[in-house]
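Here is the structure we will look at.
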Amino acid sequence: MTRAHTALVLIDLQRWIVDRPWQPVSGAAVADACGRLREHFAAADSAAVVLVRYVRADGADGGLAADPNHLVPALAPRPGDHVVTKHGLDAFEDTDLHDHLRQRGVTKIVLAGLTTAHGVASTAATALRLGYEVVVVSDATASENDAQHREALDRMTALGARAGLVGSLATSEAAGG
C-alpha cells in the first residue's frame, strides 16, 4: 500500500467539540495527536488530508461562521486539504467524501478525531462497507468515557478495521506502509 492511495481523515476537531471533557485523553491531547499525524501525512505530497467538521443542518449552532464551529487553529485547513462539512455522525452521509477519495485513488483511510463512539465509528463503518481499508488511530481518538472508547474500538475492529497508534503509523507510513 503506497501513501498515494492513503488518506488521513480527521473528524470533528472544532473548538466546541475539542473543549468538552473526553476520555481516556482530553480533546486537546486528541487534537495534538491529530496534528502530529497530519504533519507526517503532509510530508508526502501524494497523501490526501481530509478535515471533517460538523454543523447543524438547521443552522441553530450559528453555522460555519460561528467561532465555536471553527477547527482548532493547529488543524485549520491548508492548501491541498479537502474539507468536508457534515450534518450527522457519518462523514460520508450526504457529502462528497467518497467521490473525493475515489478521484484520488484512495483505498486506505486512516481515521482519527472525535469521538471514537460517534463520528469516528460511523465513518469507519461506512468506509468499510464501501471497501476501504480502515485504520483507526486509537491514541488520537476519545469518547465520553474510557469504556465507551474501548467498546467503539472493539466494534470497529470486529467490523474489519485495524487499530494503530500515532507513533507506529508515522513510522510505517513514512516507510510506505
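Ordering of the C-alpha cells sets the chain letters (A, B, ...); residue numbers start at 1 within each chain; ligands are numbered from 1 in the order shown.
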Which of chain A counts as helix (DSSP H, G or I) under DSSP, as an NGL selection string please? :A and (3-5 or 15-18 or 27-42 or 67-69 or 73-75 or 97-103 or 116-129 or 146-159 or 166-174)
Using only C-alpha atoms, can you tell me which of A:Gly113, A:Gly160, A:Gly105, A:Gly131 comes closest to A:Leu75? A:Gly113
List as a PyMOL selection string the protein and nucleic acid residues near A:Ala74, meaning an atom at most 9 Å away when only C-alpha atoms are counted, but skip any in the same chain fewer than 5 places from it. chain A and resi 31-32+35
Saved selection, atoms kept: N, CA, C and O atoms, as a short mmCIF file (atom, residue, chain, number, x, y, z; two decimals), in the first residue's frame:
data_model
loop_
_atom_site.label_atom_id
_atom_site.label_comp_id
_atom_site.auth_asym_id
_atom_site.auth_seq_id
_atom_site.Cartn_x
_atom_site.Cartn_y
_atom_site.Cartn_z
N ALA A 31 -6.38 16.48 19.66
CA ALA A 31 -6.02 17.45 18.63
C ALA A 31 -4.51 17.47 18.40
O ALA A 31 -4.05 17.55 17.25
N ASP A 32 -3.74 17.39 19.47
CA ASP A 32 -2.28 17.35 19.35
C ASP A 32 -1.83 16.10 18.58
O ASP A 32 -0.98 16.18 17.69
N GLY A 35 -2.61 16.52 15.02
CA GLY A 35 -1.64 17.43 14.41
C GLY A 35 -0.36 16.71 14.04
O GLY A 35 0.21 16.95 12.97
#
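If you count only C-alpha atoms and ignore residues fewer than 3 places along the chain from A:Thr126, what sits within 9 Å of it is Asp90, Ala91, Phe92, Glu93, Ala121, Ser122, Thr123, Arg129, Leu130, Gly131 and Tyr132 of chain A.
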Atoms kept (C-alpha atoms) for selection, written as a CSV table (one decimal), in the first residue's frame:
chain,number,residue,atom,x,y,z
A,90,ASP,CA,-21.1,9.9,9.3
A,91,ALA,CA,-18.6,11.9,7.2
A,92,PHE,CA,-19.8,10.0,4.1
A,93,GLU,CA,-23.5,10.7,4.5
A,121,ALA,CA,-17.2,4.8,14.4
A,122,SER,CA,-19.9,5.9,12.0
A,123,THR,CA,-17.4,7.0,9.3
A,129,ARG,CA,-18.9,-1.1,3.7
A,130,LEU,CA,-17.5,1.0,0.7
A,131,GLY,CA,-14.5,-1.3,0.5
A,132,TYR,CA,-11.8,0.9,2.1
Just how far from atom CA of A:Leu159 is atom CA of A:Val136, in Å to one decimal?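 Spanning atom CA of A:Val136 to atom CA of A:Leu159 is a straight-line distance of 11.9 Å.
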Determine the nearest neighbour of A:Val50 from the options A:Val110, A:Val120, A:Val135, A:Ala161, counting only C-alpha atoms.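 That would be A:Val110, the residue with the smallest distance to A:Val50.
Checking A:Leu97, A:Val166, A:Ala42, A:Ala47 one by one against A:Ala140, counting only C-alpha atoms, you find the shortest gap at A:Val166.
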Can you tell me, as an NGL selection string, which residues in stretch 77-140 of chain A count as strand (DSSP E) by DSSP? :A and (82-86 or 108-114 or 133-140)
Rounded to one decimal, what separation in Å do you get between atom CA of A:Gln14 and atom CA of A:Leu64? 10.4 Å
Near A:Pro21, within 12 Å and counting only C-alpha atoms, which residues show up once chain neighbours fewer than 5 positions away are dropped, as a list in words? Trp16, Ser26, Gly27, Ala28, Ala29, Val30, Leu114, Thr115, Ala142, Ser143, Glu144, Asn145 and Asp146 of chain A
Output N, CA, C and O atoms for every residue in that selection, as a short mmCIF file (atom, residue, chain, number, x, y, z; two decimals), in the first residue's frame.
data_model
loop_
_atom_site.label_atom_id
_atom_site.label_comp_id
_atom_site.auth_asym_id
_atom_site.auth_seq_id
_atom_site.Cartn_x
_atom_site.Cartn_y
_atom_site.Cartn_z
N TRP A 16 -15.62 23.78 19.91
CA TRP A 16 -16.62 23.39 20.91
C TRP A 16 -16.59 21.91 21.20
O TRP A 16 -16.95 21.49 22.30
N SER A 26 -7.77 13.93 26.86
CA SER A 26 -8.51 15.17 26.64
C SER A 26 -8.64 15.47 25.14
O SER A 26 -7.90 14.94 24.31
N GLY A 27 -9.57 16.35 24.83
CA GLY A 27 -9.72 16.79 23.45
C GLY A 27 -8.46 17.48 22.95
O GLY A 27 -8.07 17.33 21.79
N ALA A 28 -7.79 18.23 23.82
CA ALA A 28 -6.54 18.88 23.44
C ALA A 28 -5.48 17.85 23.08
O ALA A 28 -4.72 18.03 22.12
N ALA A 29 -5.42 16.73 23.83
CA ALA A 29 -4.46 15.67 23.52
C ALA A 29 -4.80 15.00 22.19
O ALA A 29 -3.91 14.66 21.41
N VAL A 30 -6.10 14.81 21.92
CA VAL A 30 -6.51 14.25 20.63
C VAL A 30 -6.10 15.19 19.50
O VAL A 30 -5.55 14.76 18.49
N LEU A 114 -12.71 13.10 16.95
CA LEU A 114 -13.72 12.98 17.99
C LEU A 114 -15.09 12.72 17.37
O LEU A 114 -15.40 13.25 16.33
N THR A 115 -15.83 11.90 17.98
CA THR A 115 -15.50 10.99 19.07
C THR A 115 -15.39 9.57 18.54
O THR A 115 -15.97 9.24 17.52
N ALA A 142 -11.02 9.82 21.25
CA ALA A 142 -11.52 9.76 22.63
C ALA A 142 -13.04 9.77 22.58
O ALA A 142 -13.63 10.06 21.55
N SER A 143 -13.65 9.45 23.71
CA SER A 143 -15.10 9.40 23.80
C SER A 143 -15.55 9.95 25.15
O SER A 143 -14.74 10.48 25.90
N GLU A 144 -16.83 9.76 25.46
CA GLU A 144 -17.36 10.30 26.71
C GLU A 144 -16.75 9.66 27.94
O GLU A 144 -16.63 10.29 28.98
N ASN A 145 -16.39 8.39 27.82
CA ASN A 145 -15.70 7.71 28.91
C ASN A 145 -14.83 6.61 28.32
O ASN A 145 -14.95 6.26 27.15
N ASP A 146 -13.95 6.09 29.15
CA ASP A 146 -12.98 5.10 28.68
C ASP A 146 -13.66 3.83 28.17
O ASP A 146 -13.26 3.27 27.15
#
Residues at most 10 Å from A:Arg104, counting only C-alpha atoms, excluding those fewer than 3 positions away in the same chain, as a list of chain:residue names? A:Ala4, A:His5, A:Thr6, A:Ala7, A:Ser46, A:Ala47, A:Ala48, A:His98, A:Asp99, A:His100, A:Leu101, A:Thr107
Restrict the selected residues to all heavy atoms and save them as an mmCIF file, in the first residue's frame.
data_model
loop_
_atom_site.group_PDB
_atom_site.id
_atom_site.type_symbol
_atom_site.label_atom_id
_atom_site.label_comp_id
_atom_site.auth_asym_id
_atom_site.auth_seq_id
_atom_site.Cartn_x
_atom_site.Cartn_y
_atom_site.Cartn_z
ATOM 1 N N ALA A 4 0.240 7.141 -1.794
ATOM 2 C CA ALA A 4 -0.597 7.782 -2.807
ATOM 3 C C ALA A 4 -2.034 7.288 -2.722
ATOM 4 O O ALA A 4 -2.948 7.947 -3.189
ATOM 5 C CB ALA A 4 -0.028 7.520 -4.194
ATOM 6 N N HIS A 5 -2.245 6.134 -2.125
ATOM 7 C CA HIS A 5 -3.583 5.558 -2.031
ATOM 8 C C HIS A 5 -4.161 5.649 -0.618
ATOM 9 O O HIS A 5 -5.131 4.977 -0.306
ATOM 10 C CB HIS A 5 -3.558 4.097 -2.497
ATOM 11 C CG HIS A 5 -3.099 3.959 -3.910
ATOM 12 N ND1 HIS A 5 -3.847 4.372 -4.986
ATOM 13 C CD2 HIS A 5 -1.949 3.478 -4.413
ATOM 14 C CE1 HIS A 5 -3.187 4.143 -6.097
ATOM 15 N NE2 HIS A 5 -2.027 3.610 -5.778
ATOM 16 N N THR A 6 -3.543 6.493 0.220
ATOM 17 C CA THR A 6 -3.949 6.618 1.620
ATOM 18 C C THR A 6 -4.428 8.033 1.903
ATOM 19 O O THR A 6 -3.838 8.999 1.431
ATOM 20 C CB THR A 6 -2.764 6.285 2.552
ATOM 21 O OG1 THR A 6 -2.311 4.963 2.259
ATOM 22 C CG2 THR A 6 -3.165 6.370 4.011
ATOM 23 N N ALA A 7 -5.488 8.136 2.693
ATOM 24 C CA ALA A 7 -5.977 9.440 3.135
ATOM 25 C C ALA A 7 -6.056 9.469 4.653
ATOM 26 O O ALA A 7 -6.485 8.492 5.277
ATOM 27 C CB ALA A 7 -7.353 9.731 2.545
ATOM 28 N N SER A 46 1.786 13.232 -1.933
ATOM 29 C CA SER A 46 0.779 12.377 -2.554
ATOM 30 C C SER A 46 -0.305 11.907 -1.586
ATOM 31 O O SER A 46 -1.322 11.384 -2.007
ATOM 32 C CB SER A 46 1.450 11.162 -3.185
ATOM 33 O OG SER A 46 2.143 10.430 -2.193
ATOM 34 N N ALA A 47 -0.096 12.086 -0.284
ATOM 35 C CA ALA A 47 -1.077 11.638 0.700
ATOM 36 C C ALA A 47 -2.186 12.676 0.835
ATOM 37 O O ALA A 47 -1.927 13.869 0.914
ATOM 38 C CB ALA A 47 -0.413 11.400 2.051
ATOM 39 N N ALA A 48 -3.418 12.223 0.862
ATOM 40 C CA ALA A 48 -4.571 13.120 0.991
ATOM 41 C C ALA A 48 -4.861 13.389 2.463
ATOM 42 O O ALA A 48 -4.802 12.480 3.290
ATOM 43 C CB ALA A 48 -5.790 12.489 0.329
ATOM 44 N N HIS A 98 -16.765 10.364 -0.416
ATOM 45 C CA HIS A 98 -16.487 9.158 -1.202
ATOM 46 C C HIS A 98 -16.022 9.526 -2.618
ATOM 47 O O HIS A 98 -15.031 8.975 -3.108
ATOM 48 C CB HIS A 98 -17.722 8.253 -1.243
ATOM 49 C CG HIS A 98 -17.531 6.965 -1.959
ATOM 50 N ND1 HIS A 98 -16.491 6.096 -1.687
ATOM 51 C CD2 HIS A 98 -18.244 6.386 -2.954
ATOM 52 C CE1 HIS A 98 -16.589 5.041 -2.481
ATOM 53 N NE2 HIS A 98 -17.636 5.198 -3.268
ATOM 54 N N ASP A 99 -16.692 10.461 -3.258
ATOM 55 C CA ASP A 99 -16.289 10.891 -4.601
ATOM 56 C C ASP A 99 -14.874 11.461 -4.591
ATOM 57 O O ASP A 99 -14.068 11.158 -5.473
ATOM 58 C CB ASP A 99 -17.254 11.938 -5.156
ATOM 59 C CG ASP A 99 -18.609 11.352 -5.502
ATOM 60 O OD1 ASP A 99 -18.705 10.123 -5.734
ATOM 61 O OD2 ASP A 99 -19.584 12.131 -5.527
ATOM 62 N N HIS A 100 -14.571 12.285 -3.598
ATOM 63 C CA HIS A 100 -13.233 12.876 -3.494
ATOM 64 C C HIS A 100 -12.168 11.787 -3.343
ATOM 65 O O HIS A 100 -11.136 11.826 -4.022
ATOM 66 C CB HIS A 100 -13.170 13.847 -2.315
ATOM 67 C CG HIS A 100 -11.799 14.373 -2.061
ATOM 68 N ND1 HIS A 100 -11.199 15.331 -2.853
ATOM 69 C CD2 HIS A 100 -10.885 14.055 -1.113
ATOM 70 C CE1 HIS A 100 -9.983 15.576 -2.407
ATOM 71 N NE2 HIS A 100 -9.772 14.818 -1.345
ATOM 72 N N LEU A 101 -12.420 10.826 -2.478
ATOM 73 C CA LEU A 101 -11.439 9.762 -2.249
ATOM 74 C C LEU A 101 -11.272 8.900 -3.494
ATOM 75 O O LEU A 101 -10.146 8.529 -3.865
ATOM 76 C CB LEU A 101 -11.851 8.916 -1.048
ATOM 77 C CG LEU A 101 -11.871 9.651 0.301
ATOM 78 C CD1 LEU A 101 -12.416 8.747 1.394
ATOM 79 C CD2 LEU A 101 -10.500 10.195 0.659
ATOM 80 N N THR A 107 -7.539 4.012 -1.337
ATOM 81 C CA THR A 107 -8.052 2.700 -0.950
ATOM 82 C C THR A 107 -7.918 2.447 0.549
ATOM 83 O O THR A 107 -8.508 1.518 1.074
ATOM 84 C CB THR A 107 -7.307 1.580 -1.704
ATOM 85 O OG1 THR A 107 -5.904 1.688 -1.440
ATOM 86 C CG2 THR A 107 -7.555 1.669 -3.210
#
